[in-house]
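Below: one structure, written as structure tokens.
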Amino acid sequence: MPKPMTCLIAIALAVVSQITGISGANPEWDRSVLPRPAQPFDGLAKHTLEGSVAAFPQPVKAPPDAPNILLVLIDDAGFGNPSTFGGAVATPTLDRLAADGLRYYRFHVTALCSPTRAALLSGRNHHAVGFGSISELIGGWPGYSTNWPKSAASIAQILQANGYNTAAIGKWHLTPDAQQGPAGPFDRWPNALGFDYFWGFLGGETSQFDPLLAENNKIIGVPKKKLLFQ
């Protein structure tokens, strides 16, 4: 899996097709139904092992020719900032993507960190997943709990259930403030929301020089080695 890099003001979702060493048929199934229903037994079971044929469930694989996917969310950058849309900030890579037809302009941000992330990763109105405001401002009202509901799948969970490997790098800002300690609970940390791997910081901000970092479900603290982006 390639190692994506992003600055600490961004959250990136990088997914690559899952590669396994198990051969065998992986018949296509209705991917609109997730998780994949239990597979029927394809072997033959007799009264004894003689004449019986074993069959082992195959892991879920991404569809043939499934693309790699990278989502990057950059804080505090307006729609008109990049040169791609006429702004003053030179973004040559985005310009090349746009020239090839990848120009999306119907994503509605919320002008706040956590709610925009929640909308992007859930595909829903941010209130529907409890993020009417940032995770530090938890409220006792519907739509403001900052507790991502178990009934709402993230895009990472959907891709993961389709045979992808997933990772989140950088700023997270979707875990309730009181649940960011080293003892958890971890059910609203990145790993529990569909990311196989996480490296970054959980809160809304951290030092660019001495960031308080987490890796998966472990707080690793301030790096002792100098980071590449310093």
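Ordered as shown in the structure tokens, chains take letters A, B, and onward, while each chain numbers its residues from 1 and ligands are numbered from 1 in the order shown.
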List as a tab-separated table every residue of region 64-111 of chain A that is in contact with region 159-165 of chain A, defined as an atom at most 12 Å from one of its atoms (using only C-alpha atoms), together with the nearest atom pair and the distance in Å rounded to one decimal, sorted by chain and then rising number.
residue	atom	partner	partner_atom	distance
A:Pro64	CA	A:Gly163	CA	10.9
A:Ala66	CA	A:Tyr164	CA	9.1
A:Pro67	CA	A:Tyr164	CA	9.9
A:Asn68	CA	A:Tyr164	CA	8.9
A:Ile69	CA	A:Leu159	CA	9.7
A:Leu70	CA	A:Asn165	CA	11.9
Report as an mmCIF file with all heavy atoms, in the first residue's frame all protein, DNA and RNA residues lying within 12 Å of Pro190 (chain A), evaluated on only C-alpha atoms, omitting residues in the same chain fewer than 4 positions from it.
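The resulting file, result.cif, is shown below:
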data_model
loop_
_atom_site.group_PDB
_atom_site.id
_atom_site.type_symbol
_atom_site.label_atom_id
_atom_site.label_comp_id
_atom_site.auth_asym_id
_atom_site.auth_seq_id
_atom_site.Cartn_x
_atom_site.Cartn_y
_atom_site.Cartn_z
ATOM 1 N N ILE A 11 -7.339 15.674 6.619
ATOM 2 C CA ILE A 11 -7.601 14.278 6.862
ATOM 3 C C ILE A 11 -7.681 13.601 5.510
ATOM 4 O O ILE A 11 -8.314 14.102 4.594
ATOM 5 C CB ILE A 11 -8.906 14.041 7.646
ATOM 6 C CG1 ILE A 11 -9.149 12.545 7.799
ATOM 7 C CG2 ILE A 11 -10.099 14.702 7.000
ATOM 8 C CD1 ILE A 11 -10.297 12.226 8.723
ATOM 9 N N ALA A 12 -6.997 12.511 5.373
ATOM 10 C CA ALA A 12 -6.979 11.813 4.084
ATOM 11 C C ALA A 12 -7.488 10.403 4.262
ATOM 12 O O ALA A 12 -7.178 9.744 5.241
ATOM 13 C CB ALA A 12 -5.565 11.789 3.519
ATOM 14 N N LEU A 13 -8.288 9.959 3.331
ATOM 15 C CA LEU A 13 -8.755 8.583 3.288
ATOM 16 C C LEU A 13 -8.091 7.932 2.094
ATOM 17 O O LEU A 13 -8.319 8.335 0.966
ATOM 18 C CB LEU A 13 -10.277 8.550 3.130
ATOM 19 C CG LEU A 13 -10.899 7.253 2.605
ATOM 20 C CD1 LEU A 13 -10.752 6.159 3.635
ATOM 21 C CD2 LEU A 13 -12.357 7.468 2.270
ATOM 22 N N LEU A 121 -17.593 12.132 5.087
ATOM 23 C CA LEU A 121 -17.371 10.706 5.324
ATOM 24 C C LEU A 121 -18.663 9.908 5.461
ATOM 25 O O LEU A 121 -18.636 8.677 5.348
ATOM 26 C CB LEU A 121 -16.514 10.516 6.582
ATOM 27 C CG LEU A 121 -15.076 11.008 6.472
ATOM 28 C CD1 LEU A 121 -14.325 10.748 7.777
ATOM 29 C CD2 LEU A 121 -14.351 10.339 5.312
ATOM 30 N N TRP A 148 -21.187 9.768 16.742
ATOM 31 C CA TRP A 148 -21.555 9.202 15.447
ATOM 32 C C TRP A 148 -22.445 7.982 15.691
ATOM 33 O O TRP A 148 -22.024 7.019 16.342
ATOM 34 C CB TRP A 148 -20.292 8.803 14.700
ATOM 35 C CG TRP A 148 -20.482 8.382 13.269
ATOM 36 C CD1 TRP A 148 -21.208 7.325 12.820
ATOM 37 C CD2 TRP A 148 -19.927 9.009 12.114
ATOM 38 N NE1 TRP A 148 -21.150 7.234 11.454
ATOM 39 C CE2 TRP A 148 -20.359 8.261 10.995
ATOM 40 C CE3 TRP A 148 -19.100 10.103 11.909
ATOM 41 C CZ2 TRP A 148 -19.982 8.577 9.684
ATOM 42 C CZ3 TRP A 148 -18.738 10.421 10.612
ATOM 43 C CH2 TRP A 148 -19.175 9.674 9.519
ATOM 44 N N SER A 154 -19.880 4.901 7.612
ATOM 45 C CA SER A 154 -18.980 5.849 6.945
ATOM 46 C C SER A 154 -18.594 5.288 5.581
ATOM 47 O O SER A 154 -18.757 4.095 5.305
ATOM 48 C CB SER A 154 -17.721 6.070 7.786
ATOM 49 O OG SER A 154 -16.898 4.910 7.744
ATOM 50 N N ILE A 155 -18.053 6.145 4.717
ATOM 51 C CA ILE A 155 -17.598 5.674 3.417
ATOM 52 C C ILE A 155 -16.495 4.634 3.594
ATOM 53 O O ILE A 155 -16.386 3.677 2.809
ATOM 54 C CB ILE A 155 -17.104 6.849 2.544
ATOM 55 C CG1 ILE A 155 -16.724 6.346 1.149
ATOM 56 C CG2 ILE A 155 -15.944 7.582 3.184
ATOM 57 C CD1 ILE A 155 -16.322 7.454 0.195
ATOM 58 N N ALA A 156 -15.684 4.775 4.660
ATOM 59 C CA ALA A 156 -14.622 3.799 4.906
ATOM 60 C C ALA A 156 -15.203 2.431 5.230
ATOM 61 O O ALA A 156 -14.685 1.404 4.784
ATOM 62 C CB ALA A 156 -13.734 4.288 6.055
ATOM 63 N N GLN A 157 -16.282 2.386 6.014
ATOM 64 C CA GLN A 157 -16.907 1.106 6.335
ATOM 65 C C GLN A 157 -17.509 0.454 5.093
ATOM 66 O O GLN A 157 -17.460 -0.769 4.930
ATOM 67 C CB GLN A 157 -17.976 1.316 7.409
ATOM 68 C CG GLN A 157 -17.390 1.635 8.774
ATOM 69 C CD GLN A 157 -18.441 2.079 9.779
ATOM 70 O OE1 GLN A 157 -19.292 2.922 9.474
ATOM 71 N NE2 GLN A 157 -18.407 1.505 10.964
ATOM 72 N N THR A 166 -8.210 0.344 4.131
ATOM 73 C CA THR A 166 -8.479 1.766 4.334
ATOM 74 C C THR A 166 -7.525 2.366 5.360
ATOM 75 O O THR A 166 -7.064 1.681 6.269
ATOM 76 C CB THR A 166 -9.929 1.979 4.814
ATOM 77 O OG1 THR A 166 -10.121 1.259 6.046
ATOM 78 C CG2 THR A 166 -10.929 1.461 3.787
ATOM 79 N N ALA A 167 -7.258 3.639 5.218
ATOM 80 C CA ALA A 167 -6.386 4.338 6.156
ATOM 81 C C ALA A 167 -6.792 5.795 6.239
ATOM 82 O O ALA A 167 -7.233 6.386 5.246
ATOM 83 C CB ALA A 167 -4.923 4.230 5.731
ATOM 84 N N ALA A 168 -6.650 6.377 7.406
ATOM 85 C CA ALA A 168 -6.879 7.810 7.623
ATOM 86 C C ALA A 168 -5.596 8.405 8.174
ATOM 87 O O ALA A 168 -5.010 7.870 9.117
ATOM 88 C CB ALA A 168 -8.033 8.042 8.593
ATOM 89 N N ILE A 169 -5.155 9.492 7.587
ATOM 90 C CA ILE A 169 -3.900 10.139 7.962
ATOM 91 C C ILE A 169 -4.171 11.611 8.243
ATOM 92 O O ILE A 169 -4.779 12.299 7.429
ATOM 93 C CB ILE A 169 -2.840 10.033 6.837
ATOM 94 C CG1 ILE A 169 -2.714 8.603 6.325
ATOM 95 C CG2 ILE A 169 -1.499 10.573 7.312
ATOM 96 C CD1 ILE A 169 -2.181 7.610 7.315
ATOM 97 N N GLY A 170 -3.726 12.092 9.390
ATOM 98 C CA GLY A 170 -3.822 13.517 9.675
ATOM 99 C C GLY A 170 -4.838 13.850 10.751
ATOM 100 O O GLY A 170 -5.027 13.127 11.722
ATOM 101 N N LYS A 171 -5.535 14.934 10.557
ATOM 102 C CA LYS A 171 -6.500 15.425 11.538
ATOM 103 C C LYS A 171 -7.786 14.613 11.470
ATOM 104 O O LYS A 171 -8.342 14.393 10.398
ATOM 105 C CB LYS A 171 -6.780 16.907 11.261
ATOM 106 C CG LYS A 171 -7.836 17.522 12.175
ATOM 107 C CD LYS A 171 -8.013 18.995 11.847
ATOM 108 C CE LYS A 171 -9.164 19.594 12.628
ATOM 109 N NZ LYS A 171 -9.336 21.030 12.356
ATOM 110 N N TRP A 172 -8.307 14.212 12.634
ATOM 111 C CA TRP A 172 -9.527 13.408 12.694
ATOM 112 C C TRP A 172 -10.721 14.259 13.110
ATOM 113 O O TRP A 172 -11.650 14.468 12.354
ATOM 114 C CB TRP A 172 -9.323 12.253 13.677
ATOM 115 C CG TRP A 172 -10.528 11.390 13.869
ATOM 116 C CD1 TRP A 172 -11.224 11.200 15.030
ATOM 117 C CD2 TRP A 172 -11.177 10.576 12.890
ATOM 118 N NE1 TRP A 172 -12.267 10.325 14.830
ATOM 119 C CE2 TRP A 172 -12.264 9.929 13.514
ATOM 120 C CE3 TRP A 172 -10.972 10.347 11.528
ATOM 121 C CZ2 TRP A 172 -13.124 9.070 12.843
ATOM 122 C CZ3 TRP A 172 -11.821 9.488 10.854
ATOM 123 C CH2 TRP A 172 -12.873 8.867 11.508
ATOM 124 N N HIS A 173 -10.760 14.727 14.338
ATOM 125 C CA HIS A 173 -11.749 15.693 14.815
ATOM 126 C C HIS A 173 -13.192 15.163 14.761
ATOM 127 O O HIS A 173 -14.131 15.928 14.556
ATOM 128 C CB HIS A 173 -11.640 16.999 14.005
ATOM 129 C CG HIS A 173 -12.052 18.216 14.788
ATOM 130 N ND1 HIS A 173 -12.264 19.445 14.199
ATOM 131 C CD2 HIS A 173 -12.305 18.385 16.105
ATOM 132 C CE1 HIS A 173 -12.602 20.327 15.114
ATOM 133 N NE2 HIS A 173 -12.638 19.710 16.286
ATOM 134 N N LEU A 174 -13.361 13.836 14.948
ATOM 135 C CA LEU A 174 -14.706 13.258 14.936
ATOM 136 C C LEU A 174 -14.957 12.362 16.150
ATOM 137 O O LEU A 174 -15.948 11.630 16.167
ATOM 138 C CB LEU A 174 -14.931 12.449 13.649
ATOM 139 C CG LEU A 174 -15.067 13.259 12.358
ATOM 140 C CD1 LEU A 174 -15.103 12.342 11.150
ATOM 141 C CD2 LEU A 174 -16.313 14.140 12.403
ATOM 142 N N THR A 175 -14.080 12.427 17.121
ATOM 143 C CA THR A 175 -14.264 11.679 18.363
ATOM 144 C C THR A 175 -14.667 12.657 19.459
ATOM 145 O O THR A 175 -14.022 13.694 19.611
ATOM 146 C CB THR A 175 -12.966 10.955 18.765
ATOM 147 O OG1 THR A 175 -12.597 10.034 17.735
ATOM 148 C CG2 THR A 175 -13.149 10.190 20.068
ATOM 149 N N PRO A 176 -15.738 12.365 20.217
ATOM 150 C CA PRO A 176 -16.129 13.271 21.298
ATOM 151 C C PRO A 176 -14.943 13.599 22.198
ATOM 152 O O PRO A 176 -14.100 12.739 22.476
ATOM 153 C CB PRO A 176 -17.205 12.475 22.041
ATOM 154 C CG PRO A 176 -17.791 11.572 20.998
ATOM 155 C CD PRO A 176 -16.637 11.203 20.115
ATOM 156 N N GLN A 180 -11.306 10.836 24.069
ATOM 157 C CA GLN A 180 -10.028 10.829 23.371
ATOM 158 C C GLN A 180 -8.869 10.379 24.246
ATOM 159 O O GLN A 180 -7.717 10.413 23.827
ATOM 160 C CB GLN A 180 -9.733 12.221 22.809
ATOM 161 C CG GLN A 180 -10.717 12.682 21.742
ATOM 162 C CD GLN A 180 -10.415 14.074 21.223
ATOM 163 O OE1 GLN A 180 -9.317 14.604 21.426
ATOM 164 N NE2 GLN A 180 -11.369 14.674 20.547
ATOM 165 N N GLY A 184 -9.738 5.108 26.000
ATOM 166 C CA GLY A 184 -10.941 5.061 25.176
ATOM 167 C C GLY A 184 -12.149 5.694 25.873
ATOM 168 O O GLY A 184 -11.988 6.597 26.697
ATOM 169 N N PRO A 185 -13.360 5.240 25.551
ATOM 170 C CA PRO A 185 -13.717 4.125 24.666
ATOM 171 C C PRO A 185 -13.341 4.404 23.211
ATOM 172 O O PRO A 185 -13.254 5.552 22.798
ATOM 173 C CB PRO A 185 -15.234 4.011 24.829
ATOM 174 C CG PRO A 185 -15.684 5.396 25.200
ATOM 175 C CD PRO A 185 -14.574 5.963 26.037
ATOM 176 N N PHE A 186 -13.132 3.334 22.451
ATOM 177 C CA PHE A 186 -12.586 3.460 21.112
ATOM 178 C C PHE A 186 -13.619 3.263 20.007
ATOM 179 O O PHE A 186 -13.245 3.192 18.834
ATOM 180 C CB PHE A 186 -11.454 2.444 20.931
ATOM 181 C CG PHE A 186 -10.346 2.579 21.938
ATOM 182 C CD1 PHE A 186 -10.197 1.650 22.954
ATOM 183 C CD2 PHE A 186 -9.462 3.643 21.884
ATOM 184 C CE1 PHE A 186 -9.179 1.775 23.887
ATOM 185 C CE2 PHE A 186 -8.446 3.781 22.810
ATOM 186 C CZ PHE A 186 -8.295 2.847 23.827
ATOM 187 N N GLY A 194 -14.233 2.318 10.389
ATOM 188 C CA GLY A 194 -13.939 1.740 9.084
ATOM 189 C C GLY A 194 -12.524 1.884 8.573
ATOM 190 O O GLY A 194 -12.238 1.451 7.458
ATOM 191 N N PHE A 195 -11.633 2.457 9.360
ATOM 192 C CA PHE A 195 -10.261 2.636 8.889
ATOM 193 C C PHE A 195 -9.359 1.557 9.485
ATOM 194 O O PHE A 195 -9.231 1.444 10.702
ATOM 195 C CB PHE A 195 -9.741 4.026 9.263
ATOM 196 C CG PHE A 195 -10.434 5.134 8.505
ATOM 197 C CD1 PHE A 195 -11.476 5.842 9.091
ATOM 198 C CD2 PHE A 195 -10.064 5.438 7.209
ATOM 199 C CE1 PHE A 195 -12.128 6.849 8.402
ATOM 200 C CE2 PHE A 195 -10.719 6.448 6.508
ATOM 201 C CZ PHE A 195 -11.746 7.148 7.099
ATOM 202 N N ASP A 196 -8.727 0.787 8.621
ATOM 203 C CA ASP A 196 -7.819 -0.258 9.088
ATOM 204 C C ASP A 196 -6.616 0.335 9.797
ATOM 205 O O ASP A 196 -6.055 -0.284 10.706
ATOM 206 C CB ASP A 196 -7.331 -1.111 7.903
ATOM 207 C CG ASP A 196 -8.463 -1.863 7.232
ATOM 208 O OD1 ASP A 196 -9.245 -2.521 7.939
ATOM 209 O OD2 ASP A 196 -8.572 -1.794 5.992
ATOM 210 N N TYR A 197 -6.210 1.520 9.363
ATOM 211 C CA TYR A 197 -5.029 2.148 9.949
ATOM 212 C C TYR A 197 -5.284 3.635 10.127
ATOM 213 O O TYR A 197 -5.903 4.280 9.276
ATOM 214 C CB TYR A 197 -3.799 1.944 9.050
ATOM 215 C CG TYR A 197 -2.549 2.583 9.596
ATOM 216 C CD1 TYR A 197 -1.822 1.985 10.629
ATOM 217 C CD2 TYR A 197 -2.086 3.803 9.092
ATOM 218 C CE1 TYR A 197 -0.680 2.577 11.140
ATOM 219 C CE2 TYR A 197 -0.942 4.407 9.596
ATOM 220 C CZ TYR A 197 -0.240 3.785 10.620
ATOM 221 O OH TYR A 197 0.886 4.385 11.131
ATOM 222 N N PHE A 198 -4.817 4.164 11.268
ATOM 223 C CA PHE A 198 -4.913 5.607 11.516
ATOM 224 C C PHE A 198 -3.602 6.102 12.086
ATOM 225 O O PHE A 198 -2.995 5.479 12.961
ATOM 226 C CB PHE A 198 -6.044 5.924 12.503
ATOM 227 C CG PHE A 198 -6.027 7.364 12.967
ATOM 228 C CD1 PHE A 198 -6.337 8.395 12.091
ATOM 229 C CD2 PHE A 198 -5.688 7.682 14.276
ATOM 230 C CE1 PHE A 198 -6.295 9.731 12.499
ATOM 231 C CE2 PHE A 198 -5.655 9.005 14.694
ATOM 232 C CZ PHE A 198 -5.960 10.033 13.809
ATOM 233 N N TRP A 199 -3.165 7.240 11.593
ATOM 234 C CA TRP A 199 -2.011 7.952 12.150
ATOM 235 C C TRP A 199 -2.326 9.430 12.043
ATOM 236 O O TRP A 199 -2.562 9.967 10.967
ATOM 237 C CB TRP A 199 -0.736 7.627 11.373
ATOM 238 C CG TRP A 199 0.511 8.229 11.978
ATOM 239 C CD1 TRP A 199 1.354 7.651 12.885
ATOM 240 C CD2 TRP A 199 1.063 9.531 11.719
ATOM 241 N NE1 TRP A 199 2.389 8.498 13.210
ATOM 242 C CE2 TRP A 199 2.228 9.662 12.498
ATOM 243 C CE3 TRP A 199 0.679 10.591 10.896
ATOM 244 C CZ2 TRP A 199 3.018 10.807 12.489
ATOM 245 C CZ3 TRP A 199 1.458 11.742 10.889
ATOM 246 C CH2 TRP A 199 2.617 11.842 11.678
ATOM 247 N N GLY A 200 -2.340 10.103 13.192
ATOM 248 C CA GLY A 200 -2.646 11.530 13.184
ATOM 249 C C GLY A 200 -3.006 12.005 14.568
ATOM 250 O O GLY A 200 -2.544 11.454 15.569
ATOM 251 N N PHE A 201 -3.845 13.018 14.659
ATOM 252 C CA PHE A 201 -4.271 13.513 15.958
ATOM 253 C C PHE A 201 -5.799 13.576 15.993
ATOM 254 O O PHE A 201 -6.455 13.830 14.988
ATOM 255 C CB PHE A 201 -3.641 14.872 16.305
ATOM 256 C CG PHE A 201 -3.919 15.979 15.327
ATOM 257 C CD1 PHE A 201 -4.904 16.922 15.578
ATOM 258 C CD2 PHE A 201 -3.172 16.102 14.154
ATOM 259 C CE1 PHE A 201 -5.149 17.954 14.689
ATOM 260 C CE2 PHE A 201 -3.411 17.131 13.262
ATOM 261 C CZ PHE A 201 -4.401 18.064 13.524
ATOM 262 N N LEU A 202 -6.335 13.315 17.169
ATOM 263 C CA LEU A 202 -7.781 13.138 17.309
ATOM 264 C C LEU A 202 -8.535 14.444 17.439
ATOM 265 O O LEU A 202 -9.686 14.549 17.002
ATOM 266 C CB LEU A 202 -8.081 12.268 18.533
ATOM 267 C CG LEU A 202 -7.631 10.805 18.453
ATOM 268 C CD1 LEU A 202 -7.785 10.145 19.814
ATOM 269 C CD2 LEU A 202 -8.432 10.062 17.405
ATOM 270 N N ALA A 214 -1.627 9.984 17.601
ATOM 271 C CA ALA A 214 -2.174 8.662 17.908
ATOM 272 C C ALA A 214 -1.937 7.758 16.712
ATOM 273 O O ALA A 214 -1.930 8.215 15.564
ATOM 274 C CB ALA A 214 -3.669 8.752 18.211
ATOM 275 N N GLU A 215 -1.726 6.486 16.990
ATOM 276 C CA GLU A 215 -1.624 5.473 15.939
ATOM 277 C C GLU A 215 -2.625 4.379 16.263
ATOM 278 O O GLU A 215 -2.532 3.735 17.311
ATOM 279 C CB GLU A 215 -0.215 4.906 15.832
ATOM 280 C CG GLU A 215 -0.067 3.927 14.674
ATOM 281 C CD GLU A 215 1.374 3.479 14.458
ATOM 282 O OE1 GLU A 215 2.142 3.501 15.445
ATOM 283 O OE2 GLU A 215 1.724 3.134 13.321
ATOM 284 N N ASN A 216 -3.582 4.224 15.375
ATOM 285 C CA ASN A 216 -4.690 3.298 15.615
ATOM 286 C C ASN A 216 -5.364 3.648 16.947
ATOM 287 O O ASN A 216 -5.781 4.773 17.133
ATOM 288 C CB ASN A 216 -4.198 1.857 15.538
ATOM 289 C CG ASN A 216 -3.693 1.512 14.145
ATOM 290 O OD1 ASN A 216 -4.279 1.932 13.147
ATOM 291 N ND2 ASN A 216 -2.607 0.769 14.053
ATOM 292 N N ASN A 217 -5.436 2.727 17.888
ATOM 293 C CA ASN A 217 -6.110 2.998 19.165
ATOM 294 C C ASN A 217 -5.121 3.300 20.294
ATOM 295 O O ASN A 217 -5.429 3.105 21.468
ATOM 296 C CB ASN A 217 -6.980 1.802 19.567
ATOM 297 C CG ASN A 217 -8.205 1.668 18.684
ATOM 298 O OD1 ASN A 217 -8.648 2.635 18.053
ATOM 299 N ND2 ASN A 217 -8.771 0.480 18.617
ATOM 300 N N LYS A 218 -3.953 3.804 19.936
ATOM 301 C CA LYS A 218 -2.922 4.065 20.937
ATOM 302 C C LYS A 218 -2.409 5.493 20.805
ATOM 303 O O LYS A 218 -2.089 5.947 19.710
ATOM 304 C CB LYS A 218 -1.762 3.076 20.767
ATOM 305 C CG LYS A 218 -0.631 3.259 21.765
ATOM 306 C CD LYS A 218 0.478 2.254 21.510
ATOM 307 C CE LYS A 218 1.628 2.443 22.491
ATOM 308 N NZ LYS A 218 2.728 1.471 22.235
#
- request: Pick out each residue of region 6-204 of chain A that DSSP on the backbone tags as helix (DSSP H, G or I); I need them as a ChimeraX atom specification.
  value: /A:83-85,92-99,113-122,126-129,155-161,177-179,190-193
Spatial neighbours of Ala119 (chain A), 12 Å, only C-alpha atoms, chain gap at least 6 places, as an NGL selection string: :A and (73 or 107-113 or 125-133 or 148 or 152-155 or 174)
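Backbone DSSP of region 72-204 of chain A yields strand (DSSP E) at Val72, Leu73, Ile74, Tyr164, Asn165, Thr166, Ala167, Ala168, Ile169, Gly170, Lys171, Tyr197, Phe198, Trp199, Gly200 and Phe201 of chain A.
Summary of the local environment: counting only C-alpha atoms, residues at most 9 Å from region 49-57 of chain A, other than itself and those fewer than 5 positions away along its chain, are Ala38, Gln39, Pro40, Phe41, Asp42, Gly43 and Leu44 of chain A.
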Let's have the selection written as a tab-separated table (two decimals), in the first residue's frame, with all heavy atoms.
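Output file out_34.tsv follows:
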chain	number	residue	atom	x	y	z
A	38	ALA	N	-23.80	-14.30	4.61
A	38	ALA	CA	-23.02	-15.52	4.73
A	38	ALA	C	-23.10	-16.33	3.44
A	38	ALA	O	-24.16	-16.44	2.83
A	38	ALA	CB	-23.54	-16.35	5.91
A	39	GLN	N	-21.96	-16.86	3.03
A	39	GLN	CA	-21.91	-17.62	1.79
A	39	GLN	C	-22.39	-19.06	2.03
A	39	GLN	O	-22.06	-19.67	3.05
A	39	GLN	CB	-20.47	-17.64	1.26
A	39	GLN	CG	-19.88	-16.26	1.04
A	39	GLN	CD	-18.39	-16.31	0.76
A	39	GLN	OE1	-17.95	-16.96	-0.18
A	39	GLN	NE2	-17.61	-15.63	1.59
A	40	PRO	N	-23.15	-19.61	1.11
A	40	PRO	CA	-23.59	-20.99	1.27
A	40	PRO	C	-22.42	-21.95	1.18
A	40	PRO	O	-21.41	-21.66	0.52
A	40	PRO	CB	-24.57	-21.18	0.11
A	40	PRO	CG	-24.14	-20.18	-0.91
A	40	PRO	CD	-23.64	-18.99	-0.13
A	41	PHE	N	-22.54	-23.08	1.81
A	41	PHE	CA	-21.49	-24.10	1.78
A	41	PHE	C	-21.45	-24.73	0.39
A	41	PHE	O	-22.45	-25.26	-0.10
A	41	PHE	CB	-21.78	-25.17	2.84
A	41	PHE	CG	-20.79	-26.29	2.85
A	41	PHE	CD1	-19.46	-26.06	3.20
A	41	PHE	CD2	-21.18	-27.58	2.51
A	41	PHE	CE1	-18.55	-27.10	3.21
A	41	PHE	CE2	-20.27	-28.63	2.53
A	41	PHE	CZ	-18.94	-28.39	2.88
A	42	ASP	N	-20.29	-24.65	-0.25
A	42	ASP	CA	-20.14	-25.15	-1.61
A	42	ASP	C	-19.55	-26.54	-1.68
A	42	ASP	O	-19.35	-27.08	-2.77
A	42	ASP	CB	-19.26	-24.19	-2.44
A	42	ASP	CG	-19.96	-22.86	-2.70
A	42	ASP	OD1	-21.20	-22.84	-2.74
A	42	ASP	OD2	-19.25	-21.84	-2.83
A	43	GLY	N	-19.22	-27.10	-0.53
A	43	GLY	CA	-18.60	-28.42	-0.53
A	43	GLY	C	-19.63	-29.54	-0.48
A	43	GLY	O	-20.82	-29.34	-0.78
A	44	LEU	N	-19.16	-30.69	-0.08
A	44	LEU	CA	-20.01	-31.88	0.00
A	44	LEU	C	-19.74	-32.57	1.33
A	44	LEU	O	-18.59	-32.94	1.63
A	44	LEU	CB	-19.70	-32.84	-1.16
A	44	LEU	CG	-20.50	-34.15	-1.21
A	44	LEU	CD1	-21.99	-33.86	-1.36
A	44	LEU	CD2	-19.99	-35.04	-2.33
